[in-house]
>>> print(open('model13.txt').read())   # compact mmCIF, C-alpha atoms and all ligand atoms
# COMPACT_ATOMS: atom_id res chain seq x y z
CA MET A 18 63.00 -21.81 -50.38
CA THR A 19 61.97 -19.05 -52.78
CA LEU A 20 64.07 -16.34 -54.42
CA VAL A 21 63.19 -13.90 -51.67
CA ASP A 22 63.75 -16.40 -48.88
CA THR A 23 67.49 -17.07 -49.04
CA PRO A 24 69.55 -17.04 -45.80
CA GLU A 25 71.07 -13.66 -46.80
CA ARG A 26 67.67 -12.18 -47.45
CA ARG A 27 66.34 -13.49 -44.14
CA GLN A 28 69.21 -11.63 -42.49
CA LEU A 29 68.30 -8.51 -44.43
CA ARG A 30 64.73 -8.82 -43.11
CA GLU A 31 66.01 -9.13 -39.55
CA LEU A 32 68.29 -6.12 -39.99
CA THR A 33 65.40 -4.06 -41.34
CA ARG A 34 63.04 -5.16 -38.59
CA ALA A 35 65.59 -4.27 -35.90
CA PHE A 36 66.14 -0.86 -37.51
CA VAL A 37 62.40 -0.13 -37.60
CA THR A 38 61.86 -1.29 -34.03
CA ARG A 39 64.77 0.72 -32.66
CA GLU A 40 64.94 3.81 -34.86
CA VAL A 41 61.45 4.31 -36.30
CA LEU A 42 58.58 3.06 -34.15
CA PRO A 43 59.35 5.23 -31.08
CA HIS A 44 59.28 8.37 -33.29
CA LEU A 45 56.91 7.73 -36.19
CA ASP A 46 53.92 9.55 -34.66
CA ASP A 47 56.08 12.64 -34.03
CA TRP A 48 57.35 12.58 -37.63
CA GLU A 49 53.78 12.25 -38.90
CA ARG A 50 52.92 15.41 -36.97
CA ALA A 51 56.12 17.21 -38.02
CA GLY A 52 55.45 16.42 -41.70
CA GLU A 53 58.90 14.99 -42.32
CA VAL A 54 61.52 12.53 -41.13
CA PRO A 55 64.77 13.91 -39.66
CA ARG A 56 67.94 14.02 -41.73
CA THR A 57 69.69 12.03 -39.02
CA LEU A 58 67.50 9.03 -39.92
CA HIS A 59 69.19 8.90 -43.34
CA ALA A 60 72.62 8.79 -41.72
CA THR A 61 71.52 6.08 -39.29
CA ALA A 62 69.99 4.01 -42.10
CA ALA A 63 73.22 4.41 -44.08
CA LYS A 64 75.33 3.35 -41.10
CA VAL A 65 73.48 0.06 -40.67
CA GLY A 66 73.69 -0.57 -44.42
CA LEU A 67 70.00 -0.15 -45.33
CA LEU A 68 70.07 3.12 -47.26
CA GLY A 69 72.40 1.72 -49.92
CA VAL A 70 70.60 -1.59 -50.56
CA GLY A 71 70.16 -2.04 -54.31
CA PHE A 72 73.17 0.18 -55.12
CA GLY A 73 76.63 -1.22 -55.88
CA GLU A 74 79.44 -0.98 -53.34
CA SER A 75 81.59 0.74 -56.00
CA VAL A 76 79.34 3.83 -55.76
CA GLY A 77 78.93 3.79 -51.99
CA GLY A 78 75.96 1.42 -51.77
CA SER A 79 75.57 -1.85 -49.87
CA GLY A 80 75.08 -4.08 -52.91
CA GLY A 81 72.09 -6.27 -53.70
CA ASP A 82 69.50 -5.95 -56.43
CA LEU A 83 65.87 -4.96 -56.90
CA LEU A 84 64.68 -7.99 -54.90
CA ASP A 85 66.77 -6.89 -51.93
CA SER A 86 65.28 -3.38 -52.13
CA ILE A 87 61.85 -4.96 -52.23
CA ILE A 88 62.60 -6.97 -49.10
CA VAL A 89 63.63 -3.82 -47.23
CA THR A 90 60.43 -2.05 -48.31
CA GLU A 91 58.29 -5.04 -47.37
CA GLU A 92 59.87 -5.47 -43.96
CA ILE A 93 59.67 -1.76 -43.07
CA ILE A 94 55.92 -1.87 -43.55
CA ARG A 95 55.38 -5.32 -42.04
CA SER A 96 57.23 -4.37 -38.88
CA GLY A 97 54.98 -1.39 -38.20
CA GLY A 98 56.54 1.32 -40.39
CA SER A 99 54.64 2.78 -43.32
CA SER A 100 54.67 3.44 -47.03
CA GLY A 101 55.06 7.15 -46.16
CA LEU A 102 58.26 6.35 -44.34
CA VAL A 103 59.52 4.36 -47.33
CA ALA A 104 58.72 7.30 -49.62
CA ALA A 105 60.56 9.78 -47.39
CA LEU A 106 63.63 7.74 -46.50
CA PHE A 107 64.13 6.06 -49.87
CA THR A 108 63.41 8.96 -52.24
CA HIS A 109 66.92 8.41 -53.56
CA GLY A 110 65.52 5.19 -55.08
CA ILE A 111 63.92 7.45 -57.72
CA ALA A 112 66.40 10.37 -57.64
CA LEU A 113 69.67 8.48 -58.22
CA PRO A 114 69.21 5.67 -60.79
CA HIS A 115 69.30 8.01 -63.81
CA ILE A 116 72.58 9.51 -62.57
CA LEU A 117 74.04 6.06 -62.00
CA SER A 118 73.14 4.68 -65.39
CA SER A 119 74.63 7.73 -67.12
CA GLY A 120 77.99 6.51 -65.80
CA ASN A 121 79.07 10.13 -65.18
CA ASP A 122 81.75 9.77 -62.44
CA ASP A 123 81.66 13.45 -61.53
CA LEU A 124 77.88 13.37 -60.89
CA ILE A 125 78.21 10.04 -59.09
CA ASP A 126 80.85 11.53 -56.76
CA ARG A 127 78.91 14.72 -56.12
CA TYR A 128 75.40 13.27 -55.72
CA VAL A 129 75.24 9.47 -55.48
CA ARG A 130 77.94 8.84 -52.85
CA PRO A 131 76.90 11.51 -50.32
CA THR A 132 73.25 10.53 -50.68
CA LEU A 133 73.96 6.86 -50.04
CA ALA A 134 76.10 7.94 -47.08
CA GLY A 135 73.01 9.67 -45.69
CA THR A 136 74.52 13.17 -45.74
CA THR A 137 72.54 14.64 -48.63
CA ILE A 138 68.95 14.14 -49.80
CA GLY A 139 67.80 13.97 -53.41
CA ALA A 140 64.39 14.22 -55.08
CA LEU A 141 62.99 13.48 -58.55
CA ALA A 142 60.90 16.19 -60.23
CA VAL A 143 58.88 15.12 -63.25
CA THR A 144 55.28 16.17 -62.47
CA GLU A 145 54.12 19.70 -63.25
CA PRO A 146 51.02 21.64 -62.25
CA ASP A 147 49.63 21.15 -65.77
CA GLY A 148 49.89 17.38 -65.61
CA GLY A 149 51.83 14.35 -64.47
CA SER A 150 50.54 11.48 -66.59
CA ASP A 151 51.66 13.07 -69.86
CA VAL A 152 55.40 13.00 -69.25
CA ALA A 153 56.21 13.93 -72.87
CA GLY A 154 54.18 17.13 -72.40
CA ILE A 155 56.57 18.62 -69.82
CA ARG A 156 56.73 22.41 -70.08
CA THR A 157 59.66 23.34 -67.83
CA ARG A 158 62.17 24.60 -70.37
CA ALA A 159 65.95 24.56 -70.35
CA ARG A 160 67.56 26.91 -72.89
CA ARG A 161 71.24 26.46 -73.63
CA ASP A 162 73.36 29.56 -72.94
CA GLY A 163 77.10 28.86 -73.30
CA ASP A 164 78.14 26.29 -70.72
CA HIS A 165 74.87 26.63 -68.79
CA TYR A 166 71.19 25.87 -69.22
CA VAL A 167 68.67 28.51 -68.19
CA VAL A 168 65.69 26.78 -66.61
CA ASN A 169 62.16 28.20 -66.29
CA GLY A 170 59.06 26.39 -65.08
CA SER A 171 57.56 24.66 -62.08
CA LYS A 172 57.08 21.21 -60.60
CA THR A 173 54.61 19.92 -58.05
CA TYR A 174 53.90 17.03 -55.66
CA ILE A 175 57.64 16.43 -55.31
CA THR A 176 58.45 13.88 -52.59
CA SER A 177 61.17 15.11 -50.19
CA GLY A 178 61.13 18.39 -52.13
CA ILE A 179 61.19 20.44 -48.91
CA ARG A 180 64.31 18.73 -47.58
CA ALA A 181 66.12 17.87 -50.82
CA ASP A 182 69.63 19.23 -51.38
CA PHE A 183 69.37 18.48 -55.10
CA VAL A 184 66.64 17.62 -57.54
CA THR A 185 66.90 15.36 -60.58
CA THR A 186 64.70 17.48 -62.82
CA ALA A 187 63.00 16.65 -66.12
CA VAL A 188 63.13 19.58 -68.54
CA SER A 189 62.27 20.21 -72.15
CA THR A 190 65.33 21.01 -74.24
CA GLY A 191 63.43 21.79 -77.41
CA SER A 192 63.13 18.63 -79.47
CA GLY A 193 63.12 16.29 -76.46
CA LEU A 194 63.39 15.90 -72.70
CA SER A 195 66.60 16.05 -70.72
CA LEU A 196 67.46 15.50 -67.06
CA LEU A 197 69.38 18.09 -65.05
CA VAL A 198 70.57 17.89 -61.45
CA ILE A 199 69.64 21.21 -59.84
CA ASP A 200 71.14 22.20 -56.48
CA LYS A 201 69.10 23.78 -53.74
CA GLY A 202 70.29 27.36 -53.27
CA THR A 203 70.86 27.99 -56.99
CA PRO A 204 69.55 31.54 -57.60
CA GLY A 205 66.00 31.48 -59.00
CA PHE A 206 65.20 28.00 -57.63
CA THR A 207 62.65 28.27 -54.84
CA VAL A 208 60.91 25.61 -52.82
CA GLY A 209 57.27 26.46 -52.21
CA ARG A 210 54.96 25.52 -49.40
CA ARG A 211 54.80 22.11 -47.75
CA LEU A 212 51.76 20.46 -49.36
CA GLU A 213 49.25 19.01 -46.90
CA LYS A 214 47.97 15.56 -47.80
CA LEU A 215 45.47 12.82 -46.98
CA GLY A 216 48.28 10.45 -46.00
CA TRP A 217 52.06 10.00 -46.16
CA HIS A 218 52.24 12.68 -43.46
CA CYS A 219 55.86 11.92 -42.52
CA SER A 220 56.89 12.40 -46.15
CA ASP A 221 57.34 16.06 -47.12
CA THR A 222 55.90 17.05 -50.49
CA ALA A 223 56.69 20.32 -52.27
CA GLU A 224 56.09 22.65 -55.15
CA LEU A 225 59.26 23.84 -56.89
CA SER A 226 59.72 26.96 -58.98
CA PHE A 227 62.49 27.77 -61.44
CA VAL A 228 62.96 31.33 -62.72
CA ASP A 229 66.02 31.86 -64.92
CA VAL A 230 67.93 29.21 -62.97
CA ARG A 231 71.43 28.76 -64.40
CA VAL A 232 72.48 25.12 -64.31
CA PRO A 233 75.96 24.08 -65.52
CA VAL A 234 75.91 21.82 -68.58
CA GLY A 235 78.04 19.44 -66.48
CA ASN A 236 74.91 18.77 -64.39
CA ARG A 237 73.09 17.20 -67.35
CA ILE A 238 72.46 13.48 -66.89
CA GLY A 239 73.35 11.60 -70.07
CA GLU A 240 73.01 13.08 -73.54
CA GLU A 241 70.62 15.91 -74.40
CA HIS A 242 67.09 14.73 -75.39
CA THR A 243 67.52 11.28 -73.80
CA GLY A 244 65.50 12.15 -70.69
CA PHE A 245 62.18 10.62 -71.74
CA LEU A 246 63.71 7.20 -72.37
CA ALA A 247 65.67 7.38 -69.10
CA ILE A 248 62.52 8.26 -67.14
CA MET A 249 60.56 5.41 -68.74
CA GLN A 250 63.38 2.89 -68.13
CA HIS A 251 63.56 3.72 -64.43
CA PHE A 252 59.80 3.67 -63.94
CA ALA A 253 59.94 -0.13 -63.55
CA ALA A 254 61.78 -0.02 -60.21
CA GLU A 255 59.56 2.82 -58.91
CA ARG A 256 56.38 1.01 -59.92
CA LEU A 257 57.53 -2.23 -58.33
CA SER A 258 58.43 -0.36 -55.16
CA LEU A 259 54.90 1.10 -55.06
CA ALA A 260 53.45 -2.35 -55.82
CA THR A 261 55.50 -3.75 -52.93
CA GLN A 262 54.30 -0.98 -50.63
CA ALA A 263 50.75 -2.00 -51.59
CA SER A 264 51.19 -5.75 -51.08
CA ALA A 265 53.13 -5.25 -47.82
CA THR A 266 50.48 -2.83 -46.51
CA ALA A 267 47.84 -5.44 -47.35
CA GLN A 268 49.81 -8.12 -45.50
CA ARG A 269 50.33 -5.90 -42.49
CA CYS A 270 46.62 -5.08 -42.40
CA VAL A 271 45.71 -8.78 -42.53
CA GLU A 272 47.97 -9.30 -39.51
CA LEU A 273 46.51 -6.34 -37.63
CA ALA A 274 42.93 -7.40 -38.40
CA THR A 275 43.59 -11.03 -37.47
CA ARG A 276 45.05 -10.02 -34.11
CA TRP A 277 42.14 -7.66 -33.51
CA CYS A 278 39.52 -10.28 -34.38
CA ARG A 279 41.12 -12.79 -32.00
CA ASP A 280 41.14 -10.29 -29.13
CA ARG A 281 37.83 -8.51 -29.69
CA SER A 282 34.67 -10.18 -28.44
CA THR A 283 31.13 -9.23 -29.41
CA PHE A 284 27.97 -10.91 -28.19
CA GLY A 285 30.10 -13.01 -25.82
CA ARG A 286 32.45 -14.54 -28.39
CA PRO A 287 35.69 -13.50 -30.18
CA LEU A 288 35.04 -12.02 -33.61
CA ALA A 289 37.41 -14.61 -35.10
CA SER A 290 35.08 -17.42 -33.99
CA ARG A 291 32.41 -16.31 -36.48
CA GLN A 292 32.54 -17.96 -39.85
CA LEU A 293 31.71 -14.74 -41.69
CA VAL A 294 34.69 -13.00 -40.07
CA ARG A 295 37.03 -15.97 -40.54
CA HIS A 296 36.16 -16.19 -44.22
CA ARG A 297 36.62 -12.47 -44.63
CA LEU A 298 40.11 -12.73 -43.13
CA ALA A 299 40.81 -15.75 -45.34
CA VAL A 300 39.88 -13.79 -48.47
CA MET A 301 42.00 -10.82 -47.34
CA HIS A 302 44.99 -13.09 -46.70
CA THR A 303 44.56 -14.76 -50.10
CA ARG A 304 44.41 -11.39 -51.89
CA ALA A 305 47.52 -10.11 -50.10
CA GLU A 306 49.55 -13.28 -50.70
CA ALA A 307 48.59 -13.53 -54.38
CA ALA A 308 49.59 -9.89 -54.93
CA ARG A 309 52.88 -10.41 -53.14
CA ALA A 310 53.73 -13.54 -55.14
CA TYR A 311 53.04 -11.81 -58.46
CA VAL A 312 55.03 -8.70 -57.50
CA HIS A 313 57.98 -10.92 -56.52
CA GLU A 314 57.79 -12.83 -59.79
CA VAL A 315 57.77 -9.68 -61.90
CA ALA A 316 60.54 -8.11 -59.81
CA ALA A 317 62.71 -11.20 -60.34
CA ARG A 318 62.15 -10.88 -64.09
CA VAL A 319 63.08 -7.18 -64.02
CA ALA A 320 66.20 -7.97 -61.95
CA ALA A 321 67.12 -10.59 -64.59
CA GLY A 322 66.90 -7.89 -67.28
CA GLU A 323 63.71 -9.09 -68.98
CA PRO A 324 61.69 -6.39 -70.79
CA VAL A 325 58.44 -6.79 -68.83
CA VAL A 326 56.87 -3.32 -69.02
CA THR A 327 53.33 -4.73 -69.28
CA GLU A 328 53.84 -7.12 -66.37
CA VAL A 329 55.20 -4.31 -64.18
CA ALA A 330 52.04 -2.30 -64.89
CA MET A 331 49.88 -5.36 -64.10
CA ALA A 332 51.81 -6.01 -60.87
CA LYS A 333 51.20 -2.43 -59.74
CA ASN A 334 47.49 -2.60 -60.50
CA VAL A 335 47.04 -6.06 -58.93
CA ALA A 336 48.80 -5.02 -55.73
CA VAL A 337 47.06 -1.64 -55.48
CA ALA A 338 43.62 -3.24 -55.94
CA ALA A 339 44.38 -5.95 -53.37
CA CYS A 340 45.63 -3.32 -50.94
CA ALA A 341 42.57 -1.09 -51.35
CA GLU A 342 40.21 -4.01 -50.69
CA VAL A 343 42.18 -5.44 -47.76
CA VAL A 344 42.86 -2.13 -46.00
CA ASP A 345 39.20 -1.14 -46.24
CA ALA A 346 38.07 -4.50 -44.83
CA ALA A 347 40.71 -4.37 -42.07
CA LEU A 348 39.50 -0.95 -40.97
CA GLN A 349 35.88 -2.14 -40.99
CA LEU A 350 36.75 -5.14 -38.82
CA HIS A 351 38.31 -2.76 -36.27
CA GLY A 352 34.94 -0.99 -35.90
CA GLY A 353 35.09 2.52 -34.37
CA PHE A 354 38.69 2.04 -33.25
CA GLY A 355 39.73 1.65 -36.88
CA TYR A 356 38.65 5.24 -37.52
CA LEU A 357 40.87 6.67 -34.76
CA ARG A 358 44.34 8.12 -35.19
CA ASP A 359 45.46 5.68 -32.45
CA ALA A 360 44.84 2.72 -34.78
CA GLU A 361 47.71 1.73 -37.09
CA VAL A 362 45.18 0.55 -39.65
CA GLU A 363 43.83 4.11 -39.92
CA ARG A 364 47.25 5.33 -41.10
CA HIS A 365 47.54 2.54 -43.68
CA TYR A 366 44.04 3.40 -44.95
CA ARG A 367 45.11 7.01 -45.63
CA ASP A 368 48.68 6.21 -46.73
CA SER A 369 47.74 3.57 -49.27
CA ARG A 370 45.42 5.80 -51.32
CA ILE A 371 48.39 7.36 -53.14
CA LEU A 372 49.71 4.02 -54.41
CA GLY A 373 47.32 3.95 -57.38
CA ILE A 374 48.23 7.56 -58.25
CA GLY A 375 52.01 7.92 -57.84
CA GLY A 376 54.53 6.53 -60.34
CA GLY A 377 51.81 6.38 -63.02
CA THR A 378 48.11 6.06 -62.19
CA THR A 379 46.03 2.90 -62.40
CA GLU A 380 44.52 4.28 -65.62
CA ILE A 381 47.94 4.89 -67.17
CA MET A 382 48.95 1.33 -66.15
CA ASN A 383 45.83 0.09 -67.95
CA GLU A 384 46.91 2.03 -71.05
CA ILE A 385 50.29 0.25 -70.93
CA ILE A 386 48.61 -3.13 -70.42
CA ALA A 387 46.21 -2.51 -73.32
CA LYS A 388 49.16 -1.60 -75.57
CA GLY A 389 50.91 -4.78 -74.45
CA MET A 390 47.81 -6.69 -75.58
CA GLY A 391 48.17 -5.11 -79.00
CA LEU A 392 45.09 -2.91 -78.54
C1 LIG B 1 52.05 12.30 -52.38
C2 LIG B 1 52.53 12.40 -53.79
C3 LIG B 1 53.89 12.22 -54.05
C4 LIG B 1 54.36 12.36 -55.36
N1 LIG B 1 55.71 12.32 -55.60
C5 LIG B 1 56.18 12.67 -56.82
C6 LIG B 1 57.59 12.83 -57.05
O1 LIG B 1 58.42 12.62 -56.15
N2 LIG B 1 58.00 13.23 -58.27
C7 LIG B 1 57.13 13.46 -59.30
O2 LIG B 1 57.58 13.83 -60.39
N3 LIG B 1 55.79 13.31 -59.13
C8 LIG B 1 55.30 12.93 -57.90
N4 LIG B 1 53.96 12.80 -57.71
C9 LIG B 1 53.05 13.06 -58.81
C10 LIG B 1 52.35 11.81 -59.37
O3 LIG B 1 53.28 11.02 -60.06
C11 LIG B 1 51.21 12.34 -60.25
O4 LIG B 1 50.22 12.88 -59.39
C12 LIG B 1 50.62 11.26 -61.14
O5 LIG B 1 51.54 10.85 -62.11
C13 LIG B 1 49.34 11.74 -61.84
O6 LIG B 1 49.54 12.96 -62.45
P1 LIG B 1 48.49 14.16 -62.19
O7 LIG B 1 48.32 14.28 -60.71
O8 LIG B 1 48.97 15.35 -62.90
O9 LIG B 1 47.14 13.66 -62.78
P2 LIG B 1 46.63 13.83 -64.33
O10 LIG B 1 47.70 13.41 -65.27
O11 LIG B 1 46.06 15.20 -64.49
O12 LIG B 1 45.45 12.78 -64.33
C14 LIG B 1 44.20 13.00 -63.67
C15 LIG B 1 43.33 11.76 -63.80
O13 LIG B 1 43.08 11.47 -65.17
C16 LIG B 1 43.50 10.16 -65.49
N5 LIG B 1 44.06 10.15 -66.83
C17 LIG B 1 45.07 10.91 -67.30
N6 LIG B 1 45.28 10.62 -68.59
C18 LIG B 1 44.41 9.64 -68.93
C19 LIG B 1 44.15 8.92 -70.14
N7 LIG B 1 44.89 9.12 -71.24
N8 LIG B 1 43.17 8.01 -70.13
C20 LIG B 1 42.43 7.77 -69.02
N9 LIG B 1 42.63 8.43 -67.85
C21 LIG B 1 43.61 9.35 -67.82
C22 LIG B 1 44.55 9.82 -64.44
O14 LIG B 1 44.69 8.42 -64.29
C23 LIG B 1 43.97 10.50 -63.22
O15 LIG B 1 43.01 9.67 -62.64
C24 LIG B 1 53.45 12.61 -56.41
C25 LIG B 1 52.09 12.75 -56.14
C26 LIG B 1 51.63 12.68 -54.85
C27 LIG B 1 50.18 12.91 -54.59
>>> encode(input="model13.txt", output="C-alpha cells", more="lines below")
Ligand SMILES: Cc1cc2nc3c(=O)[nH]c(=O)nc-3n(C[C@H](O)[C@H](O)[C@H](O)COP(=O)(O)OP(=O)(O)OC[C@H]3O[C@@H](n4cnc5c(N)ncnc54)[C@H](O)[C@@H]3O)c2cc1C
Amino acid sequence: MTLVDTPERRQLRELTRAFVTREVLPHLDDWERAGEVPRTLHATAAKVGLLGVGFGESVGGSGGDLLDSIIVTEEIIRSGGSSGLVAALFTHGIALPHILSSGNDDLIDRYVRPTLAGTTIGALAVTEPDGGSDVAGIRTRARRDGDHYVVNGSKTYITSGIRADFVTTAVSTGSGLSLLVIDKGTPGFTVGRRLEKLGWHCSDTAELSFVDVRVPVGNRIGEEHTGFLAIMQHFAAERLSLATQASATAQRCVELATRWCRDRSTFGRPLASRQLVRHRLAVMHTRAEAARAYVHEVAARVAAGEPVVTEVAMAKNVAVAACAEVVDAALQLHGGFGYLRDAEVERHYRDSRILGIGGGTTEIMNEIIAKGMGL
C-alpha cells in the first residue's frame, strides 16, 4: 500500500469517479462547445464533498491535504474528464490559498466559505499582457487613497475570469507586490472578451481591465508588499496540480490507446499483436507511471512541509514531457480517428499543450532547477 492508496483515498477515488460518470460525462461535449462549465456544477461538486478537498473543515472545506487534491485531479481525468474541467471547476485551488494563509477571518468568511460551498467563483490574476513569466515585473498599480486602493492596469489569460465573482489580483504597491481581492461589479473593473484557445475549451479564459478601481484596504490579503512571496509559496500546489494533470492525462491516453490497439485490426490482426505496437505501448506506460510516481513523491514531501522548490519544478517538467510524448503516440496509434473531435484522445492532445506553459513555463522551471543546482 502506498501513500496514495489508503482505504480512505480509494474511497475518494470512487467518489470522484461516480461524480464524473454521473455529473460530467453526459455534458462535457456541450460545455466544450459552450466555452464554460455551469455554475451549478460547483454546487453539485460541493454537495458531494469534492470541491472542498484539500481545505480544512473549519473554513468550509472537506479536509484532506495536497495528496487528496491530487487524487481528485487524477481520478477526474482517468475517468474520462479532462484537465480543462479540472482548471474550470477547481480554479479556487489557485484563488483561495493566499486568502487562507493570511488568516484574515473577514476575507475567509466573505470569499473562502461561499466558494467552497459552490455558490461563488474565484479566479487568480497574476499574468499581464506584457508578460507572465516575470512576476516581479507586474505593472498593474494600486495607489493608496485613504482607506482604499485605486487600481489601474490589466490582466490576461485569466482562468474562470469570465465567470468569476471575485479575483485575487496581484498588484504593484510601489516598493513591492501586494494581493487584493477585487469584486466583480466594482466600478472600473471590466471583464473583456472570452479568449478562444487551442484546448481547455470548457474552461473560460478572460482579459481583465482595471481603470481607477477603488478597492477597500480591508480586501488586501496579508501585509502590503508581501504578495511576491505569497505567490511564490503557493506556486508549489499549482505546479503539482498541473504535473498531476499531465501524468493523469498520460495514463488515460495509455488506457485509451491500449483499448484501441486491442480492438483495431489491420492486415488481418489486432494492432496489439504486433511487437512494434506492444513495445510502443509498453514505453508509453512506463513513461506515464514513472512520471506519476515522481509527482506523488514530491507532493508527499510538499504536504510534509519540506522546502522542495527545485523538485516541484522537476516534477512538472518530467510529467509534462511524459504527457507530450504519450499523448502524441496515443493519437498516432488511433490513426485517422485520433484526429477527429469524436476521439477522446484528440481532446487530450489539445488540452495538454497548456501544461508546459501555465503555472510557470518549462523554461522557467529549468531556471529554477538550474538555480537549485547552484548554477
Ligand atoms: C489557458 C491559460 C490559462 C491561464 N490561466 C492563468 C490564470 O488563471 N492566472 C494567471 O495569472 N495566468 C494564467 N495564465 C498565464 C500563464 O501563467 C502564462 O501564459 C505563463 O506564465 C507564461 O507567461 P507569458 O504567456 O506572458 O509568456 P512570456 O513570459 O512572455 O514567455 C514567452 C516565452 O519565453 C520564455 N521565457 C520567458 N523568460 C525566459 C527566460 N528568462 N529564459 C528563457 N526563456 C524564457 C517562456 O518560457 C515562453 O516560452 C494562463 C495561460 C493560459 C494560456
>>> residues_near_ligand(input="model13.txt", ligand="ligand LIG 1 (chain B)", cutoff="7 Å", atoms="only C-alpha atoms and all ligand atoms", output="ChimeraX atom specification")
/A:140-151,173-176,214,217,222,371,374-381
>>> residues_around(input="model13.txt", residues="range 302-310 of chain A", least_positions_apart="4", cutoff="10 Å", atoms="all atoms listed in the file", output="ChimeraX atom specification")
/A:91,260-272,275,296-298,314-316,332-340,342-343
>>> write_last_selection(input="model13.txt", atoms="C-alpha atoms", output="PDB file, in the frame of the given file")
ATOM      1  CA  GLU A  91      58.290  -5.040 -47.370  1.00  0.00           C
ATOM      2  CA  ALA A 260      53.450  -2.350 -55.820  1.00  0.00           C
ATOM      3  CA  THR A 261      55.500  -3.750 -52.930  1.00  0.00           C
ATOM      4  CA  GLN A 262      54.300  -0.980 -50.630  1.00  0.00           C
ATOM      5  CA  ALA A 263      50.750  -2.000 -51.590  1.00  0.00           C
ATOM      6  CA  SER A 264      51.190  -5.750 -51.080  1.00  0.00           C
ATOM      7  CA  ALA A 265      53.130  -5.250 -47.820  1.00  0.00           C
ATOM      8  CA  THR A 266      50.480  -2.830 -46.510  1.00  0.00           C
ATOM      9  CA  ALA A 267      47.840  -5.440 -47.350  1.00  0.00           C
ATOM     10  CA  GLN A 268      49.810  -8.120 -45.500  1.00  0.00           C
ATOM     11  CA  ARG A 269      50.330  -5.900 -42.490  1.00  0.00           C
ATOM     12  CA  CYS A 270      46.620  -5.080 -42.400  1.00  0.00           C
ATOM     13  CA  VAL A 271      45.710  -8.780 -42.530  1.00  0.00           C
ATOM     14  CA  GLU A 272      47.970  -9.300 -39.510  1.00  0.00           C
ATOM     15  CA  THR A 275      43.590 -11.030 -37.470  1.00  0.00           C
ATOM     16  CA  HIS A 296      36.160 -16.190 -44.220  1.00  0.00           C
ATOM     17  CA  ARG A 297      36.620 -12.470 -44.630  1.00  0.00           C
ATOM     18  CA  LEU A 298      40.110 -12.730 -43.130  1.00  0.00           C
ATOM     19  CA  GLU A 314      57.790 -12.830 -59.790  1.00  0.00           C
ATOM     20  CA  VAL A 315      57.770  -9.680 -61.900  1.00  0.00           C
ATOM     21  CA  ALA A 316      60.540  -8.110 -59.810  1.00  0.00           C
ATOM     22  CA  ALA A 332      51.810  -6.010 -60.870  1.00  0.00           C
ATOM     23  CA  LYS A 333      51.200  -2.430 -59.740  1.00  0.00           C
ATOM     24  CA  ASN A 334      47.490  -2.600 -60.500  1.00  0.00           C
ATOM     25  CA  VAL A 335      47.040  -6.060 -58.930  1.00  0.00           C
ATOM     26  CA  ALA A 336      48.800  -5.020 -55.730  1.00  0.00           C
ATOM     27  CA  VAL A 337      47.060  -1.640 -55.480  1.00  0.00           C
ATOM     28  CA  ALA A 338      43.620  -3.240 -55.940  1.00  0.00           C
ATOM     29  CA  ALA A 339      44.380  -5.950 -53.370  1.00  0.00           C
ATOM     30  CA  CYS A 340      45.630  -3.320 -50.940  1.00  0.00           C
ATOM     31  CA  GLU A 342      40.210  -4.010 -50.690  1.00  0.00           C
ATOM     32  CA  VAL A 343      42.180  -5.440 -47.760  1.00  0.00           C
TER      33      VAL A 343
END
>>> closest_residue(input="model13.txt", among="A:Pro55, A:Leu212, A:Leu133, A:Gly101", to="Gly80 in chain A", atoms="all atoms listed in the file")
A:Leu133
>>> atom_distance(input="model13.txt", atom1="CA of Ile138 in chain A", atom2="CA of Ala181 in chain A")
4.8 Å
>>> residues_near_point(input="model13.txt", point="(63.9, -9.6, -61.2)", cutoff="10 Å", atoms="all atoms listed in the file", output="list in words")
Leu20, Asp82, Leu83, Leu84, Ala254, Val312, His313, Glu314, Val315, Ala316, Ala317, Arg318, Val319, Ala320, Ala321, Gly322, Glu323 and Val325 of chain A
>>> closest_residue(input="model13.txt", among="A:Glu240, A:Asp126, A:Asp47, A:Glu31", to="Arg95 in chain A", atoms="only C-alpha atoms")
A:Glu31
>>> residues_around(input="model13.txt", residues="Ala247 in chain A", least_positions_apart="5", cutoff="10 Å", atoms="all atoms listed in the file", output="list in words")
Pro114, His115, Ile116, Ser118, Ser119, Leu194, Ser195, Leu196, Ile238, Gly239, His242 and Phe252 of chain A
>>> write_last_selection(input="model13.txt", atoms="C-alpha atoms", output="mmCIF file, in the coordinates of the input")
data_model
loop_
_atom_site.group_PDB
_atom_site.id
_atom_site.type_symbol
_atom_site.label_atom_id
_atom_site.label_comp_id
_atom_site.auth_asym_id
_atom_site.auth_seq_id
_atom_site.Cartn_x
_atom_site.Cartn_y
_atom_site.Cartn_z
ATOM 1 C CA PRO A 114 69.210 5.670 -60.790
ATOM 2 C CA HIS A 115 69.300 8.010 -63.810
ATOM 3 C CA ILE A 116 72.580 9.510 -62.570
ATOM 4 C CA SER A 118 73.140 4.680 -65.390
ATOM 5 C CA SER A 119 74.630 7.730 -67.120
ATOM 6 C CA LEU A 194 63.390 15.900 -72.700
ATOM 7 C CA SER A 195 66.600 16.050 -70.720
ATOM 8 C CA LEU A 196 67.460 15.500 -67.060
ATOM 9 C CA ILE A 238 72.460 13.480 -66.890
ATOM 10 C CA GLY A 239 73.350 11.600 -70.070
ATOM 11 C CA HIS A 242 67.090 14.730 -75.390
ATOM 12 C CA PHE A 252 59.800 3.670 -63.940
#
>>> closest_residue(input="model13.txt", among="A:Met301, A:Ala112, A:Ile93, A:Leu42", to="Thr137 in chain A", atoms="all atoms listed in the file")
A:Ala112
>>> residues_around(input="model13.txt", residues="His365 in chain A", least_positions_apart="3", cutoff="8 Å", atoms="all atoms listed in the file", output="PyMOL selection string")
chain A and resi 99-100+266+270+344+361-362+368-369
>>> residues_around(input="model13.txt", residues="Gly98 in chain A", least_positions_apart="4", cutoff="9 Å", atoms="only C-alpha atoms", output="ChimeraX atom specification")
/A:37-38,41-42,45,92-94,102-103
>>> residues_near_point(input="model13.txt", point="(43.1, -4.0, -35.9)", cutoff="10 Å", atoms="all atoms listed in the file", output="PyMOL selection string")
chain A and resi 269-281+347-352+354-355+360-363
>>> atom_distance(input="model13.txt", atom1="CA of Val54 in chain A", atom2="CA of Asn236 in chain A")
27.6 Å
>>> residues_around(input="model13.txt", residues="Ser177 in chain A", least_positions_apart="4", cutoff="10 Å", atoms="only C-alpha atoms", output="list in words")
Glu53, Val54, Ala104, Ala105, Leu106, Phe107, Thr108, His109, Ile138, Gly139, Ala140, Leu141, Ala181, Asp182, Val184, Arg211, Cys219, Ser220, Asp221, Thr222 and Ala223 of chain A
